[in-house]
Amino acid sequence: MFEHRPKLIAPCGLMLAGCLVLLAGCGGADSTSAPNISPASVPAPPSNLAAAAGNAVVALTWTASSGAASYNVKRSTTSGGPYTQIAAPTSTGYTDSSLTNGTAYYYVVSALDTAGESANSAQASATPEAPSVLPAAPTNLTATAGDAQVSLTWSASGGATSYNVKRSTTSGGPYTQIAAPTSTSYTDTSLTNGTTYYYVVSAVNSAGESANSAQAAANPMALVSANVTVTVTPSSTHLISPYIYGVNNASNSFPVGTASALPSNLTFDRIGGNRLTAYNWETNASNAGADYMYENDGLFPGSVPASGETNVITFDQSQSMATVMTFQLEGLVAGDEAGPVSTANPPDLTRFKTVVDAKGSAFTTSPVTTDANVYMDEFAYTVDQRFAGEGIFSSSPTTHPVFASLDNEPDLWSSTHLELGGTEPTPSALITKTIALATALKNEFPNIKIFGPVNWGFLGVYSFQNGLAGVTNTGNNWFVDIYAQGIAAASANYGKPLVDVYDFHWYSQIADPSNSNAQITSLNGATLTDAEVQAIVQAPRSLYDPTFVENSWIEDIGIGALDMIPRLQAKLATENPGMQLAITEYYPGGGGHIAGTIAEADLLGAFGSTGLFASNMWPLTTTEPYVTAGFRAFRDFDGAGSNFGDTSVAADSSAIANVSAYVSTDSTRPGRVVMVAINRSNTTQTTAISGQPLSGTAHLFQMTAATASTQSTVQPVASSTQAVSGSSLTLTLPSLSVTTIDIY
């Protein structure tokens with residue numbers, strides 16, 4: 001920098017080396033002195049730089065630098081720079097605006113005068129933030145009971161810096177604050193076991209405290225020794241068929257708004273029964289046989305061909321259910337709707353039409369109704385056309401599949417359908433008829449899944465209602481063996497399976513202990529004796545327990561434990577590998593008692609654990625609220641759409657007469673485990689379930705006589721939660737109860 005000096009003009013002056021020398025004797029000046037002028041210099045850096053954050057702004061202030069004429073304000077988003085100049089104020093303050101809240105900004109300031117710019121000040125930083133508001137109340141508060149403690153967790157509230165945990169021993173408060181954690185969990189210790197504690201949590205920040213969360217409650221309990229052990233084998237699994245949660249006549253038998261309304265999330269419906277044997281799809285006329293006066297009538301409304309079944313399929317599709325529909329095999333169907341017909345043998349053929357399996361000519365959805373025949377392959381064609389483009393009979397439908405059932409209970413036609421002749425075919429004749437109808441259907445729809453022979457019960461499976469000679473109780477010459485062999489041979493000739501599913505019905509033959517002539521399926525009152533209750537809740541074991549010998553006339557044959565599902569599956573695996581098993585009619589009894597809930601839940605659990613392909617409960621009464629409740633242990637048990645898992649895990653009880661347990665995992669949610677534990681005894685059962693890896697929180701939903709007594713619709717009630725880890729879980733199961741445990 002060069003100093004600016006005033007120019008002196010004097011004749012006697014002399015400039016030497018940039019310095020002005022005044023010679024003595026010139027202008028009267030003092031020749032011995034010169035003016036004392038200080039050189040100019042840059043100002044010092046500003047000091048005391050401060051940055052104060054606001055809403056999208058930072059306000060800067062600093063101490064003035066002596067001699068400074070202005071300042072350069074510089075900014076960076078990185079500590080230490082590099083900095084970019086953003087302003088040049090002449091005062092000692094500046095507000096930087098339009099910033100991003102939550103971003104840290106770094107500032108320095110330099111001073112300027114005529115001599116130049118100072119060095120930068122020390123750095124200052126600030127992070128702008130939106131104005132503080134009250135945080136929202138915490139959500140998802142969960143209280144999990146332990147031994148003398150309760151563990152609490154909740155979801156974070158935006159903007160909260162801490163939380164107030166409050167407790168009461170009275171539901172709804174008043175609450176006392178017991179902790180102020182900064183995290184979203186807290187464990188309350190030193191509590192009294194057996195006392196229910198109620199909790200709420202609020203969120204706190206600089207603006208104040210939020211409202212309280214929703215209340216959560218837990219009842220800490222002392223650890224107790226188990227008297228039942230359920231051993232789970234995680235390596236032994238199989239997929240649960242989606243079609244085991246089924247009913248018959250879903251659109252009519254479960255009136256909306258009643259205690260027996262159709263449960264949520266069912267998967268399967270059946271159009272079947274005695275009325276369907278003589279159903280004429282062309283006109284929708286039918287005859288229920290012994291079920292109602294042996295009359296031809298118009299119970300199925302509508303004049304559109306096949307609407308008696310397609311209307312049901314439409315309803316089922318709207319409820320996300322698959323359907324099994326009936327195709328007529330007996331040979332005659334109602335030809336009019338004119339009332340009772342003769343039950344003499346042979347039948348009055350003027351009142352009926354003949355069933356023909358294959359039409360042999362072009363199909364139409366508007367058949368001539370004045371001819372003598374109805375055609376089964378044309379029936380299938382018409383139903384398929386009603387749902388054109390959906391592929392309902394294919395292996396990959398766009399909606400939900402429709403399966404084919406080959407008639408209903410042919411082993412009882414001699415009594416149920418006197419109007420059709422009153423005879424049932426011989427086993428070999430039934431197999432021949434089955435092959436013909438199945439071939440006609442598969443020729444048109446190669447992937448249609450076919451159910452047969454639809455036996456009425458044990459004696460149908462065993463000897464075709466005594467129509468098969470020489471049957472031995474432990475041999476491979478039961479009717480099911482003969483049928484499976486015959487279908488296997490015909491399928492080999494055809495080139496693919498003709499009947500895919502062996503279907504039978506099951507109504508327990510165990511009698512009311514006080515009345516040997518009354519089956520337990522008739523025990524549907526609200527009041528039952530202990531013996532009646534135990535007869536109902538133990539009966540499902542005939543289908544799956546190799547140690548259970550039922551008290552019924554079946555045992556007169558000398559079979560011992562029926563173990564019916566595994567027994568039949570083993571026979572099918574030998575005689576017709578790949579043929580699956582279904583039970584498309586059953587009823588447990590106990591429609592008005594918690595015993596019915598227990599039996600139905602046990603049946604559904606067994607159907608899944610044994611690998612049954614399909615099942616459909618048939619309501620034997622107009623009200624069965626406790627039986628439909630059994631479905632709710634597995635389907636929508638929390639009222640929010642949660643279901644039992646889709647993969648069964650093997651579980652064995654050490655006291656199956658008291659407790660059975662069913663375990664599942666969920667292929668869509670890794671780590672989730674759902675169990676259903678059933679206590680069929682009259683005392684509390686402490687049950688240890690071990691072997692299945694567990695993590696998270698167990699959410700318990702229970703049905704007991706006490707919980708059901710206050711409900712208009714019997715359904716599970718959320719009872720408690722408990723933290724789980726490792727591979728064991730101990731539960732206290734109330735007497736006569738069903739408990740669903742959802743672990744995640």
# chains A, B, ... in the order shown; residues from 1 in each chain; ligands from 1
$ closest_atom_pairs --of "range 100-125 of chain A" --to "range 62-86 of chain A" --cutoff "8 Å" --atoms "only C-alpha atoms" --output "JSON lines"
{"residue": "A:Thr103", "atom": "CA", "partner": "A:Thr77", "partner_atom": "CA", "distance": 7.7}
{"residue": "A:Ala104", "atom": "CA", "partner": "A:Thr77", "partner_atom": "CA", "distance": 6.2}
{"residue": "A:Tyr105", "atom": "CA", "partner": "A:Thr77", "partner_atom": "CA", "distance": 4.8}
{"residue": "A:Tyr106", "atom": "CA", "partner": "A:Ser76", "partner_atom": "CA", "distance": 5.1}
{"residue": "A:Tyr107", "atom": "CA", "partner": "A:Arg75", "partner_atom": "CA", "distance": 4.6}
{"residue": "A:Val108", "atom": "CA", "partner": "A:Lys74", "partner_atom": "CA", "distance": 5.4}
{"residue": "A:Val109", "atom": "CA", "partner": "A:Val73", "partner_atom": "CA", "distance": 4.7}
{"residue": "A:Ser110", "atom": "CA", "partner": "A:Asn72", "partner_atom": "CA", "distance": 5.2}
{"residue": "A:Ala111", "atom": "CA", "partner": "A:Tyr71", "partner_atom": "CA", "distance": 4.5}
{"residue": "A:Leu112", "atom": "CA", "partner": "A:Ala68", "partner_atom": "CA", "distance": 5.2}
{"residue": "A:Asp113", "atom": "CA", "partner": "A:Ala68", "partner_atom": "CA", "distance": 4.9}
{"residue": "A:Thr114", "atom": "CA", "partner": "A:Ala69", "partner_atom": "CA", "distance": 7.8}
{"residue": "A:Gln123", "atom": "CA", "partner": "A:Gly80", "partner_atom": "CA", "distance": 7.6}
$ residues_around --residues "Phe701 in chain A" --least-positions-apart "2" --cutoff "9 Å" --atoms "only C-alpha atoms" --output "short mmCIF file (atom, residue, chain, number, x, y, z; two decimals) with all heavy atoms, in the first residue's frame"
data_model
loop_
_atom_site.label_atom_id
_atom_site.label_comp_id
_atom_site.auth_asym_id
_atom_site.auth_seq_id
_atom_site.Cartn_x
_atom_site.Cartn_y
_atom_site.Cartn_z
N ALA A 633 -61.50 -67.93 16.66
CA ALA A 633 -60.20 -68.16 17.30
C ALA A 633 -59.08 -68.16 16.27
O ALA A 633 -57.92 -67.91 16.60
CB ALA A 633 -60.21 -69.50 18.05
N PHE A 637 -59.32 -62.82 14.78
CA PHE A 637 -59.46 -62.98 16.22
C PHE A 637 -59.31 -61.67 16.99
O PHE A 637 -59.77 -61.56 18.13
CB PHE A 637 -58.46 -64.02 16.75
CG PHE A 637 -57.04 -63.77 16.36
CD1 PHE A 637 -56.27 -62.81 16.98
CD2 PHE A 637 -56.45 -64.52 15.34
CE1 PHE A 637 -54.94 -62.59 16.61
CE2 PHE A 637 -55.14 -64.32 14.95
CZ PHE A 637 -54.37 -63.34 15.60
N ASP A 638 -58.67 -60.66 16.39
CA ASP A 638 -58.51 -59.38 17.07
C ASP A 638 -59.49 -58.32 16.59
O ASP A 638 -59.44 -57.17 17.03
CB ASP A 638 -57.08 -58.86 16.90
CG ASP A 638 -56.69 -58.63 15.45
OD1 ASP A 638 -57.50 -58.98 14.56
OD2 ASP A 638 -55.58 -58.11 15.21
N HIS A 699 -49.57 -61.38 22.35
CA HIS A 699 -50.86 -60.71 22.54
C HIS A 699 -51.92 -61.80 22.68
O HIS A 699 -52.15 -62.58 21.74
CB HIS A 699 -51.18 -59.81 21.35
CG HIS A 699 -50.08 -58.83 21.03
ND1 HIS A 699 -50.12 -57.52 21.42
CD2 HIS A 699 -48.90 -59.00 20.38
CE1 HIS A 699 -49.03 -56.90 21.00
NE2 HIS A 699 -48.27 -57.78 20.38
N MET A 703 -61.54 -66.75 24.87
CA MET A 703 -62.97 -66.99 24.96
C MET A 703 -63.23 -67.98 26.09
O MET A 703 -62.65 -69.07 26.11
CB MET A 703 -63.51 -67.54 23.64
CG MET A 703 -63.57 -66.50 22.52
SD MET A 703 -64.29 -67.13 20.98
CE MET A 703 -62.91 -68.10 20.34
N PRO A 716 -63.34 -63.58 20.57
CA PRO A 716 -62.21 -63.43 21.49
C PRO A 716 -62.13 -62.03 22.09
O PRO A 716 -62.48 -61.04 21.44
CB PRO A 716 -60.99 -63.73 20.60
CG PRO A 716 -61.54 -64.53 19.47
CD PRO A 716 -62.92 -64.00 19.23
N VAL A 717 -61.64 -61.98 23.32
CA VAL A 717 -61.45 -60.72 24.03
C VAL A 717 -59.97 -60.57 24.34
O VAL A 717 -59.33 -61.50 24.83
CB VAL A 717 -62.26 -60.71 25.35
CG1 VAL A 717 -61.93 -59.47 26.16
CG2 VAL A 717 -63.75 -60.78 25.06
N ALA A 718 -59.40 -59.39 24.03
CA ALA A 718 -58.00 -59.13 24.37
C ALA A 718 -57.84 -59.22 25.88
O ALA A 718 -58.50 -58.50 26.63
CB ALA A 718 -57.58 -57.76 23.85
N SER A 719 -56.96 -60.12 26.34
CA SER A 719 -56.87 -60.35 27.78
C SER A 719 -55.59 -59.81 28.39
O SER A 719 -55.61 -59.23 29.47
CB SER A 719 -56.98 -61.85 28.08
OG SER A 719 -55.94 -62.58 27.46
N SER A 720 -54.45 -59.99 27.72
CA SER A 720 -53.19 -59.52 28.28
C SER A 720 -52.10 -59.61 27.23
O SER A 720 -52.31 -60.14 26.13
CB SER A 720 -52.79 -60.35 29.51
OG SER A 720 -52.55 -61.70 29.14
N VAL A 738 -60.62 -71.08 25.13
CA VAL A 738 -59.83 -71.06 23.90
C VAL A 738 -59.02 -69.77 23.92
O VAL A 738 -59.58 -68.68 24.05
CB VAL A 738 -60.72 -71.10 22.65
CG1 VAL A 738 -59.87 -71.04 21.39
CG2 VAL A 738 -61.59 -72.36 22.65
N THR A 739 -57.70 -69.89 23.78
CA THR A 739 -56.81 -68.73 23.82
C THR A 739 -56.01 -68.66 22.53
O THR A 739 -55.32 -69.61 22.17
CB THR A 739 -55.84 -68.81 25.02
OG1 THR A 739 -56.60 -68.91 26.23
CG2 THR A 739 -54.95 -67.57 25.07
N THR A 740 -56.10 -67.54 21.85
CA THR A 740 -55.27 -67.28 20.67
C THR A 740 -54.12 -66.39 21.09
O THR A 740 -54.32 -65.37 21.74
CB THR A 740 -56.08 -66.61 19.56
OG1 THR A 740 -57.22 -67.43 19.25
CG2 THR A 740 -55.25 -66.42 18.31
N ILE A 741 -52.90 -66.77 20.71
CA ILE A 741 -51.69 -66.03 21.09
C ILE A 741 -51.01 -65.56 19.82
O ILE A 741 -50.52 -66.38 19.03
CB ILE A 741 -50.73 -66.90 21.93
CG1 ILE A 741 -51.47 -67.56 23.09
CG2 ILE A 741 -49.57 -66.06 22.42
CD1 ILE A 741 -51.80 -69.02 22.87
N ASP A 742 -50.98 -64.25 19.61
CA ASP A 742 -50.35 -63.66 18.43
C ASP A 742 -49.03 -63.04 18.87
O ASP A 742 -49.02 -62.09 19.65
CB ASP A 742 -51.28 -62.59 17.83
CG ASP A 742 -50.86 -62.16 16.44
OD1 ASP A 742 -49.92 -62.76 15.89
OD2 ASP A 742 -51.48 -61.22 15.90
#
$ select_by_dssp --residues "range 506-728 of chain A" --states "helix (DSSP H, G or I)" --output "PyMOL selection string"
chain A and resi 520-522+530-543+553-557+564-575+594-610+625-632+705-708
$ residues_around --residues "Asn219 in chain A" --least-positions-apart "2" --cutoff "6 Å" --atoms "only C-alpha atoms" --output "list in words"
Ala145, Gly194, Thr195 and Thr196 of chain A
$ residues_around --residues "Gly630 in chain A" --least-positions-apart "5" --cutoff "7 Å" --atoms "only C-alpha atoms" --output "mmCIF file with C-alpha atoms, in the first residue's frame"
data_model
loop_
_atom_site.group_PDB
_atom_site.id
_atom_site.type_symbol
_atom_site.label_atom_id
_atom_site.label_comp_id
_atom_site.auth_asym_id
_atom_site.auth_seq_id
_atom_site.Cartn_x
_atom_site.Cartn_y
_atom_site.Cartn_z
ATOM 1 C CA THR A 597 -66.540 -73.115 20.827
ATOM 2 C CA ILE A 598 -63.889 -75.443 22.219
ATOM 3 C CA GLU A 600 -65.009 -76.209 16.798
ATOM 4 C CA ALA A 601 -61.653 -74.550 17.538
#
$ residues_around --residues "range 526-543 of chain A" --least-positions-apart "3" --cutoff "7 Å" --atoms "only C-alpha atoms" --output "PyMOL selection string"
chain A and resi 508+512-513+520+548+550+562-565+588-590+592-593+595+598-599+602-603+680
$ residues_around --residues "Ser303 in chain A" --least-positions-apart "6" --cutoff "10 Å" --atoms "only C-alpha atoms" --output "PyMOL selection string"
chain A and resi 281-285
$ write_last_selection --atoms "N, CA and C atoms" --output "mmCIF file, in the first residue's frame"
data_model
loop_
_atom_site.group_PDB
_atom_site.id
_atom_site.type_symbol
_atom_site.label_atom_id
_atom_site.label_comp_id
_atom_site.auth_asym_id
_atom_site.auth_seq_id
_atom_site.Cartn_x
_atom_site.Cartn_y
_atom_site.Cartn_z
ATOM 1 N N TRP A 281 -80.496 -78.013 -13.246
ATOM 2 C CA TRP A 281 -79.862 -76.714 -13.491
ATOM 3 C C TRP A 281 -80.555 -75.933 -14.602
ATOM 4 N N GLU A 282 -81.255 -76.632 -15.511
ATOM 5 C CA GLU A 282 -81.895 -75.936 -16.629
ATOM 6 C C GLU A 282 -83.054 -75.053 -16.158
ATOM 7 N N THR A 283 -83.814 -75.532 -15.150
ATOM 8 C CA THR A 283 -85.004 -74.795 -14.691
ATOM 9 C C THR A 283 -84.894 -74.330 -13.242
ATOM 10 N N ASN A 284 -83.877 -74.799 -12.504
ATOM 11 C CA ASN A 284 -83.682 -74.529 -11.075
ATOM 12 C C ASN A 284 -84.712 -75.229 -10.187
ATOM 13 N N ALA A 285 -85.454 -76.199 -10.730
ATOM 14 C CA ALA A 285 -86.322 -77.038 -9.905
ATOM 15 C C ALA A 285 -85.452 -78.010 -9.109
#
$ closest_residue --among "A:Thr622, A:Ser121, A:Ser735, A:Asn616" --to "Tyr243 in chain A" --atoms "only C-alpha atoms"
A:Asn616
$ closest_residue --among "A:Ser491, A:Thr231, A:Asn477, A:Gln722" --to "Lys442 in chain A" --atoms "only C-alpha atoms"
A:Ser491
$ closest_atom_pairs --of "range 446-509 of chain A" --to "range 403-420 of chain A" --cutoff "12 Å" --atoms "only C-alpha atoms" --output "CSV"
residue,atom,partner,partner_atom,distance
A:Asn447,CA,A:Phe403,CA,9.8
A:Ile448,CA,A:Phe403,CA,6.3
A:Lys449,CA,A:Phe403,CA,5.2
A:Ile450,CA,A:Ala404,CA,4.7
A:Phe451,CA,A:Ser405,CA,4.6
A:Gly452,CA,A:Leu406,CA,5.4
A:Pro453,CA,A:Leu406,CA,6.5
A:Val454,CA,A:Glu409,CA,5.3
A:Asn455,CA,A:Glu409,CA,4.8
A:Trp456,CA,A:Glu409,CA,4.9
A:Gly457,CA,A:Glu409,CA,8.6
A:Phe458,CA,A:Asp411,CA,10.9
A:Leu459,CA,A:Asp411,CA,8.9
A:Gly460,CA,A:Asp411,CA,6.0
A:Val461,CA,A:Asp411,CA,9.2
A:Tyr462,CA,A:Asp411,CA,10.9
A:Ser463,CA,A:Asp411,CA,9.4
A:Phe464,CA,A:Asp411,CA,5.7
A:Gln465,CA,A:Asp411,CA,5.8
A:Asn466,CA,A:Asp411,CA,9.0
A:Gly467,CA,A:Asp411,CA,8.2
A:Leu468,CA,A:Asp411,CA,10.8
A:Phe479,CA,A:Asp411,CA,10.7
A:Leu498,CA,A:Ala404,CA,11.2
A:Val499,CA,A:Leu406,CA,9.2
A:Asp500,CA,A:Ala404,CA,9.9
A:Val501,CA,A:Ser405,CA,9.3
A:Tyr502,CA,A:Ser405,CA,10.1
A:Asp503,CA,A:Ser405,CA,8.6
A:Phe504,CA,A:Glu409,CA,8.2
A:His505,CA,A:Glu409,CA,8.3
A:Trp506,CA,A:Glu409,CA,11.4
$ atom_distance --atom1 "CA of Phe631 in chain A" --atom2 "CA of Ala651 in chain A"
20.1 Å
$ closest_residue --among "A:Ala655, A:Leu620, A:Met376, A:Ala226" --to "Leu731 in chain A" --atoms "only C-alpha atoms"
A:Ala226
$ select_by_dssp --residues "range 273-425 of chain A" --states "strand (DSSP E)" --output "list in words"
Ser286, Asn287, Glu295, Asn296, Asp297, Ala322, Thr323, Val324, Met325, Thr326, Phe327, Leu332, Val333, Ala334, Gly339, Pro340, Phe352, Lys353, Thr354, Val355, Val356, Asn373, Val374, Tyr375, Val402, Phe403, Ala404, Ser405 and Leu406 of chain A
